[in-house]
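Here is the structure we will look at, set down as structure tokens.
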Amino acid sequence: MDPRTRLALVLYAGIVALSLEHPGALLIFALVCTLPLVALRPSGTWWRRGLLTVLAVVWSTTLSQGLFYAQQPRVALLHLGPLVLWREGLSWGLAQSLRLVGLSLAGLSLAASTSPDRLYAALLRLRVPFGLALMATTALRILPELGRELVTVRRARAARGRPAWRRAPWRWLALEVSLLRPVVARSLRRAQALAESLDARGFDPLAPRAVRVPLRLRPLDHLLLVGGGLLTAALASARLAYVLYSSDTVYVAALRPLYGLVRGWL
Amino acid sequence: MSRGPGLRGLSLRGVGYRYPSVAAPTVSGVELAVAPGEILLLTGPTGCGKSTLLRLAAGLLQRHGQGQVQGEVAVDGRDPAALAPSERVRALGLVGQEPGDQLVAGTVGDEIAFAMESAGWSAAAIEAALPALQARVGLDLALDRDPRTLSGGQTQRLVIAAALSAGAGTLVLDEPLAQLDPAGAEELLRALRTIADGGVAVLLVEHRLEACLPVVDRVAIMAEGRLVDTVFAAALRPGSEAVRTLRALGLVVPGRLDLADRLAPRQVEAVTFRPPGGEPPVLGETLWEGRGLGFTWRGAPGPALVGVDLRLRAGERVALLGGNGAGKSTLLGLLSGQLRSPGLRPPAGVVAVPQDPDLALFCPTVQEELAVGPREGGHADVAGQVDRAAAALSVAGLRDRPPQALSRGQRLRVAVAAALACAPRVLLLDEPTSGQDHDQVERMMSALVAALSGGALVFATHDVDLALRHATTVYVLDQGRIVAAGTPAGVMAALPLPPLARLCRDRGLPPATAAELAAWAEGA
């Protein structure tokens with residue numbers, strides 16, 4: 001698949017995420033965004049960690065919104081002393097968290113399934129300035145290395161000290177922050193080497209630039225771009241029509257089935 | 001811009017540079033010329049200004065530095081700092097110290113093509129040029145391969161191909177052999193010779209004189225920011241002024257040449273050596289033993305380590321030898337506990353210094369860095385531990401400095417000192433020679449031998465001489481398996497040896513330095 005198609009699909013995903021409000025629809029959206037990752041076959045450990053992260057995000061957002069929801073109307077589900085759990089808050093929190101999870105998964109799918117150089121070529125073709133495109137894709141390329149370095153630093157530190165659970169929380173926090181020092185210093189050195197290398201190879205952020213492998217859209221790309229675009233436009237239009245209706249701005253009697261669909265399912 | 005007649009290649013006239021924060025110039029009055037087809041090796045002690053001179057030659061400091069520049073640099077008669085990026089890339093290529101950090105693209109093809117893209121080549125012309133560029137540096141890689149999956153030697157050659165791809169007639173390289181094993185270094189030097197023979201002027205900054213001498217044309221020696229001597233490689237002979245200069249500066253004189261110079265006017269072949277009789281080192285109790293150690297990296301086609309048996313005894317110094325990818329770092333990872341294998345428990349009291357020592361430095365000062373281990377380990381005499389480790393690794397004078405602001409060699413010594421301050425029973429070092437000159441390495445190893453008399457030292461290295469002289473036991477790894485193990489003298493038959501070690505083996509002598517051999521010479 002052409003990287004421009006992937007970028008467009010992520011853009012579509014963003015519009016769809018904003019067009020949906022119903023937790024069920026957002027759950028389906030999040031699951032669809034997970035499909036490209038399934039194809040990449042991450043390890044079991046990766047899935048376990050990912051699932052824990054998703055559960056933590058959904059749980060914390062849903063609970064906080066359930067407790068602090070302030071809009072009317074609202075229905076109390078549970079009284080916990082001075083705290084009240086609001087039904088609409090839970091629904092709103094669930095929707096927000098699923099929107100965030102779905103969008104993050106879409107971005108992650110793009111980053112994990114597209115090599116930085118293809119993404120870089122796509123950004124250039126989309127007329128993103130050369131310097132900005134290079135900066136974005138270089139950051140994407142270096143992120144996994146930063147993760148590996150942080151693991152090495154933690155292990156080196158662990159070999160010279162007590163385990164974290166034997167420390168007071170503030171000392172543990174200070175230790176965690178200090179572990180960033182070598183990673184930052186290493187990143188600065190890497191940035192210096194990379195800058196010199198780019199300079200020596202004629203890097204000019206303002207000059208027009210050739211691309212070794214020109215991009216080409218195939219029939220599948222056209223299908224996804226057009227099909228995805230139509231679906232996104234339909235969802236966004238339906239949401240817009242419903243917003244206009246619910247705000248007493250525009251009411252079209254013929255659209256009543258659509259208003260019902262959006263309210264009940266989207 | 002005008003182009004001077006007959007000024008092909010690189011020339012430096014009265015070149016100097018003073019950094020803004022330093023009173024004295026780091027480089028001063030350098031006169032140097034490298035002709036097309038020539039390789040000039042620039043060598044000198046750590047911190048003498050070689051890398052600064054290289055950045056001046058590439059026009060980097062003139063454009064991006066804040067300091068004062070003196071003199072003129074010309075590449076094919078033109079100032080590289082005044083050229084537009086698309087012209088500069090056609091005139092000069094620069095290769096820095098860490099090949100992995102210089103990768104700018106996600107595939108081999110895009111990496112080589114980057115400079116051509118900058119120079120405005122068409123996609124068809126780029127594609128047509130790629131096979132020849134790969135062949136020029138001895139590579140034959142799939143163009144869509146990720147450069148991060150290549151070996152150190154392949155990455156270095158890829159970076160060189162990328163630097164030359166737009167047609168640069170001058171190439172400057174900063175310690176390109178630093179991360180390479182002997183075989184990788186030899187391959188790279190052969191590729192550089194081919195490149196030079198094709199009409200490219202090559203300025204090579206490097207410490208490893210012995211490896212470079214067979215392929216370079218001239219050697220320039222630098223000290224304290226100035227050129228002190230420039231000689232033809234063939235003129236580096238026993239008794240020559242250049243050899244005395246190298247030795248006076250504490251640089252490594254190639255072993256065989258060093259010995260011949262020390263024995264002159266006698267011929268090495270005519271001399272009989274009588275080493276003093278010595279008892280073999282007595283090793284103590286077994287600290288740890290592992291049998292059938294193995295490890296396979298996730299997604300790798302085969303195991304990185306297979307069926308390795310290893311025993312560590314008190315007072316033992318174990319050297320792990322082998323090329324890039326032989327399994328040395330994987331074995332150290334298992335010993336340190338960073339890599340896990342079912343049923344394997346790492347040795348008690350093990351402390352490891354990673355290959356990149358920067359990742360083991362997390363305190364604001366050297367003093368605090370050294371105090372972390374003993375303090376957290378509950379040592380009664382933290383200050384004493386810190387003092388002893390600082391003295392052993394010659395970092396006592398750096399206590400108030402931030403570790404990350406030190407030179408590469410100093411950072412490594414601080415990381416090793418911090419590990420030593422923990423009073424480890426087993427100390428693991430991965431490539432302890434990186435970024436250090438010969439004298440520093442010798443001092444560090446001697447200090448570690450003295451400080452770890454009751455424990456064990458395990459070090460992985462490419463440096464055969466270092467392993468033979470400082471280890472009590474040597475394990476030679478190849479493709480994850482131990483192919484030879486034993487005392488240094490015992491494994492010499494299984495190793496491709498540098499010339500001096502070969503002489504020792506052929507004469508039935510224990511591994512020794514040129515100075516030791518000269519002292520053992522009859523009639524010395």
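Letters A, B, ... go to the chains of the structure tokens in the order shown; residues in each chain start at 1; ligands are counted from 1 in the same order.
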
Only residues of chain A matter here; which ones have an atom within 8 Å of chain B, counting only C-alpha atoms? Give them as a PyMOL selection string.
chain A and resi 115-117+138+141+149+152-153+155-157+159-162+178-183+185-186+190-191+193-194+196-204+209-214

Give the strand (DSSP E or B) residues of range 167-229 of chain B, as assigned by DSSP on the backbone, as number ranges by chain.
B: 170-174, 201-205, 218-223, 226-229

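Distances to Asp174 in chain B were evaluated for B:Pro488, B:Pro347, B:Gly14, B:Gly49 using only C-alpha atoms, and the minimum falls at B:Gly49.
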
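Between Thr62 in chain A and the residues A:Gln192, A:Ser113, A:Gln96, A:Thr34, the shortest atom-to-atom distance, using only C-alpha atoms, involves A:Gln96.
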
If you count only C-alpha atoms, which residues fall within 10 Å of range 232-245 of chain A, apart from same-chain ones fewer than 5 positions away, as a PDB file with C-alpha atoms, in the first residue's frame?
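And here's selection-v5.pdb as it stands now:
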```
ATOM      1  CA  LEU A   9      -6.441   6.467   6.185  1.00  0.00           C
ATOM      2  CA  LEU A  11      -6.644  11.225   8.535  1.00  0.00           C
ATOM      3  CA  TYR A  12      -9.952   9.467   7.808  1.00  0.00           C
ATOM      4  CA  ALA A  13      -9.662   7.680  11.152  1.00  0.00           C
ATOM      5  CA  GLY A  14      -9.291  11.059  12.875  1.00  0.00           C
ATOM      6  CA  ILE A  15     -12.435  12.425  11.199  1.00  0.00           C
ATOM      7  CA  VAL A  16     -14.396   9.249  11.946  1.00  0.00           C
ATOM      8  CA  ALA A  17     -13.300   9.356  15.593  1.00  0.00           C
ATOM      9  CA  LEU A  18     -14.639  12.896  15.886  1.00  0.00           C
ATOM     10  CA  SER A  19     -17.874  11.935  14.126  1.00  0.00           C
ATOM     11  CA  LEU A  20     -18.728   9.084  16.507  1.00  0.00           C
ATOM     12  CA  GLU A  21     -20.166   9.505  20.000  1.00  0.00           C
ATOM     13  CA  VAL A 226     -12.159   6.690  -2.619  1.00  0.00           C
ATOM     14  CA  GLY A 227     -14.065   4.135  -0.522  1.00  0.00           C
ATOM     15  CA  VAL A 250     -31.604  23.154  10.628  1.00  0.00           C
ATOM     16  CA  TYR A 251     -34.356  20.536  10.653  1.00  0.00           C
ATOM     17  CA  VAL A 252     -35.228  18.506   7.555  1.00  0.00           C
ATOM     18  CA  LEU A 255     -33.739  13.202   7.490  1.00  0.00           C
ATOM     19  CA  ARG A 256     -35.613  11.911  10.541  1.00  0.00           C
ATOM     20  CA  LEU A 258     -30.867   9.632   9.790  1.00  0.00           C
ATOM     21  CA  TYR A 259     -31.278  11.588  13.047  1.00  0.00           C
ATOM     22  CA  GLY A 260     -32.478   8.387  14.671  1.00  0.00           C
ATOM     23  CA  LEU A 261     -29.554   6.387  13.322  1.00  0.00           C
ATOM     24  CA  VAL A 262     -26.996   8.911  14.558  1.00  0.00           C
ATOM     25  CA  ARG A 263     -28.611   9.224  18.006  1.00  0.00           C
ATOM     26  CA  LEU A 266     -23.272   6.594  16.050  1.00  0.00           C
TER      27      LEU A 266
END
```

Please identify the alpha helix (DSSP H) residues within range 392-467 of chain B (assignment by DSSP from backbone atoms) and present them as a PyMOL selection string.
chain B and resi 392+408-420+438-451+464-467

Only N, CA and C atoms, please: the residues just picked out, written as an mmCIF file, in the first residue's frame.
```cif
data_model
loop_
_atom_site.group_PDB
_atom_site.id
_atom_site.type_symbol
_atom_site.label_atom_id
_atom_site.label_comp_id
_atom_site.auth_asym_id
_atom_site.auth_seq_id
_atom_site.Cartn_x
_atom_site.Cartn_y
_atom_site.Cartn_z
ATOM 1 N N ALA B 392 42.669 4.154 40.816
ATOM 2 C CA ALA B 392 43.014 3.030 39.935
ATOM 3 C C ALA B 392 42.747 3.360 38.475
ATOM 4 N N ARG B 408 35.551 10.718 25.328
ATOM 5 C CA ARG B 408 35.049 9.338 25.248
ATOM 6 C C ARG B 408 35.870 8.388 26.130
ATOM 7 N N GLY B 409 37.210 8.510 26.053
ATOM 8 C CA GLY B 409 38.081 7.650 26.851
ATOM 9 C C GLY B 409 37.876 7.891 28.342
ATOM 10 N N GLN B 410 37.723 9.165 28.726
ATOM 11 C CA GLN B 410 37.509 9.490 30.142
ATOM 12 C C GLN B 410 36.155 8.939 30.618
ATOM 13 N N ARG B 411 35.141 9.033 29.765
ATOM 14 C CA ARG B 411 33.817 8.527 30.151
ATOM 15 C C ARG B 411 33.876 7.019 30.404
ATOM 16 N N LEU B 412 34.631 6.320 29.558
ATOM 17 C CA LEU B 412 34.758 4.878 29.741
ATOM 18 C C LEU B 412 35.451 4.582 31.076
ATOM 19 N N ARG B 413 36.509 5.344 31.383
ATOM 20 C CA ARG B 413 37.240 5.087 32.627
ATOM 21 C C ARG B 413 36.362 5.383 33.848
ATOM 22 N N VAL B 414 35.535 6.425 33.762
ATOM 23 C CA VAL B 414 34.634 6.737 34.883
ATOM 24 C C VAL B 414 33.621 5.601 35.058
ATOM 25 N N ALA B 415 33.085 5.105 33.953
ATOM 26 C CA ALA B 415 32.101 4.007 34.037
ATOM 27 C C ALA B 415 32.750 2.763 34.652
ATOM 28 N N VAL B 416 33.993 2.477 34.271
ATOM 29 C CA VAL B 416 34.684 1.311 34.834
ATOM 30 C C VAL B 416 34.996 1.549 36.311
ATOM 31 N N ALA B 417 35.421 2.780 36.645
ATOM 32 C CA ALA B 417 35.715 3.107 38.049
ATOM 33 C C ALA B 417 34.454 2.974 38.896
ATOM 34 N N ALA B 418 33.324 3.417 38.362
ATOM 35 C CA ALA B 418 32.054 3.328 39.107
ATOM 36 C C ALA B 418 31.700 1.862 39.361
ATOM 37 N N ALA B 419 31.966 1.019 38.378
ATOM 38 C CA ALA B 419 31.699 -0.410 38.560
ATOM 39 C C ALA B 419 32.670 -1.007 39.575
ATOM 40 N N LEU B 420 33.934 -0.590 39.498
ATOM 41 C CA LEU B 420 34.955 -1.114 40.415
ATOM 42 C C LEU B 420 34.670 -0.694 41.856
ATOM 43 N N HIS B 438 46.704 3.762 23.533
ATOM 44 C CA HIS B 438 47.397 2.564 24.003
ATOM 45 C C HIS B 438 47.785 2.658 25.478
ATOM 46 N N ASP B 439 48.384 3.780 25.866
ATOM 47 C CA ASP B 439 48.862 3.916 27.244
ATOM 48 C C ASP B 439 47.714 3.850 28.242
ATOM 49 N N GLN B 440 46.598 4.501 27.896
ATOM 50 C CA GLN B 440 45.443 4.499 28.800
ATOM 51 C C GLN B 440 44.906 3.084 29.003
ATOM 52 N N VAL B 441 44.829 2.334 27.909
ATOM 53 C CA VAL B 441 44.326 0.956 27.999
ATOM 54 C C VAL B 441 45.246 0.131 28.884
ATOM 55 N N GLU B 442 46.541 0.275 28.689
ATOM 56 C CA GLU B 442 47.499 -0.498 29.489
ATOM 57 C C GLU B 442 47.349 -0.177 30.971
ATOM 58 N N ARG B 443 47.237 1.115 31.292
ATOM 59 C CA ARG B 443 47.100 1.514 32.704
ATOM 60 C C ARG B 443 45.803 0.953 33.294
ATOM 61 N N MET B 444 44.726 1.044 32.501
ATOM 62 C CA MET B 444 43.435 0.585 32.998
ATOM 63 C C MET B 444 43.464 -0.914 33.278
ATOM 64 N N MET B 445 44.022 -1.672 32.360
ATOM 65 C CA MET B 445 44.030 -3.121 32.546
ATOM 66 C C MET B 445 44.912 -3.502 33.730
ATOM 67 N N SER B 446 46.058 -2.847 33.882
ATOM 68 C CA SER B 446 46.931 -3.160 35.016
ATOM 69 C C SER B 446 46.225 -2.856 36.326
ATOM 70 N N ALA B 447 45.488 -1.718 36.355
ATOM 71 C CA ALA B 447 44.778 -1.339 37.573
ATOM 72 C C ALA B 447 43.686 -2.354 37.901
ATOM 73 N N LEU B 448 42.998 -2.831 36.883
ATOM 74 C CA LEU B 448 41.916 -3.795 37.109
ATOM 75 C C LEU B 448 42.475 -5.126 37.604
ATOM 76 N N VAL B 449 43.603 -5.525 37.042
ATOM 77 C CA VAL B 449 44.224 -6.781 37.464
ATOM 78 C C VAL B 449 44.562 -6.703 38.953
ATOM 79 N N ALA B 450 45.104 -5.556 39.376
ATOM 80 C CA ALA B 450 45.476 -5.400 40.780
ATOM 81 C C ALA B 450 44.247 -5.329 41.678
ATOM 82 N N ALA B 451 43.219 -4.613 41.218
ATOM 83 C CA ALA B 451 42.055 -4.380 42.077
ATOM 84 C C ALA B 451 41.152 -5.603 42.189
ATOM 85 N N VAL B 464 43.516 -8.537 19.869
ATOM 86 C CA VAL B 464 44.156 -9.826 20.185
ATOM 87 C C VAL B 464 45.337 -9.629 21.130
ATOM 88 N N ASP B 465 46.138 -8.590 20.885
ATOM 89 C CA ASP B 465 47.307 -8.313 21.731
ATOM 90 C C ASP B 465 46.884 -8.110 23.183
ATOM 91 N N LEU B 466 45.835 -7.299 23.353
ATOM 92 C CA LEU B 466 45.345 -6.990 24.699
ATOM 93 C C LEU B 466 44.907 -8.270 25.409
ATOM 94 N N ALA B 467 44.166 -9.104 24.685
ATOM 95 C CA ALA B 467 43.671 -10.346 25.282
ATOM 96 C C ALA B 467 44.833 -11.262 25.670
#
```

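Separating CA of Ala128 in chain B from CA of Ser151 in chain B is a distance of 25.4 Å.
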
Find the residues near Val10 in chain A: any atom within 9 Å, counting only C-alpha atoms, skip ones fewer than 5 places away on the same chain, and give them as a ChimeraX atom specification.
/A:5,15,103,106-107,109-110

Output file for the residues above (C-alpha atoms, as a PDB file, in the first residue's frame):
```
ATOM      1  CA  THR A   5      -2.844   6.021   1.281  1.00  0.00           C
ATOM      2  CA  ILE A  15     -12.435  12.425  11.199  1.00  0.00           C
ATOM      3  CA  LEU A 103      -6.811   7.125  17.287  1.00  0.00           C
ATOM      4  CA  ALA A 106      -4.406   4.095  14.038  1.00  0.00           C
ATOM      5  CA  GLY A 107      -1.246   6.176  14.478  1.00  0.00           C
ATOM      6  CA  SER A 109      -0.453   1.055  12.931  1.00  0.00           C
ATOM      7  CA  LEU A 110       0.892   3.666  10.533  1.00  0.00           C
TER       8      LEU A 110
END
```

What's the 8 Å shell around Leu283 in chain B, counting only C-alpha atoms, without same-chain residues fewer than 6 positions away, as number ranges by chain?
B: 313-316

Excluding Arg345 in chain B and any residue of its chain fewer than 3 positions from it, enumerate the residues within 12 Å of it, using only C-alpha atoms, and give them as a list in words.
Trp288, Glu289, Gly290, Arg291, Leu293, Gly333, Leu334, Leu335, Ser336, Gly337, Gln338, Leu339, Arg340, Ser341, Pro342, Ala348, Gly349 and Val350 of chain B
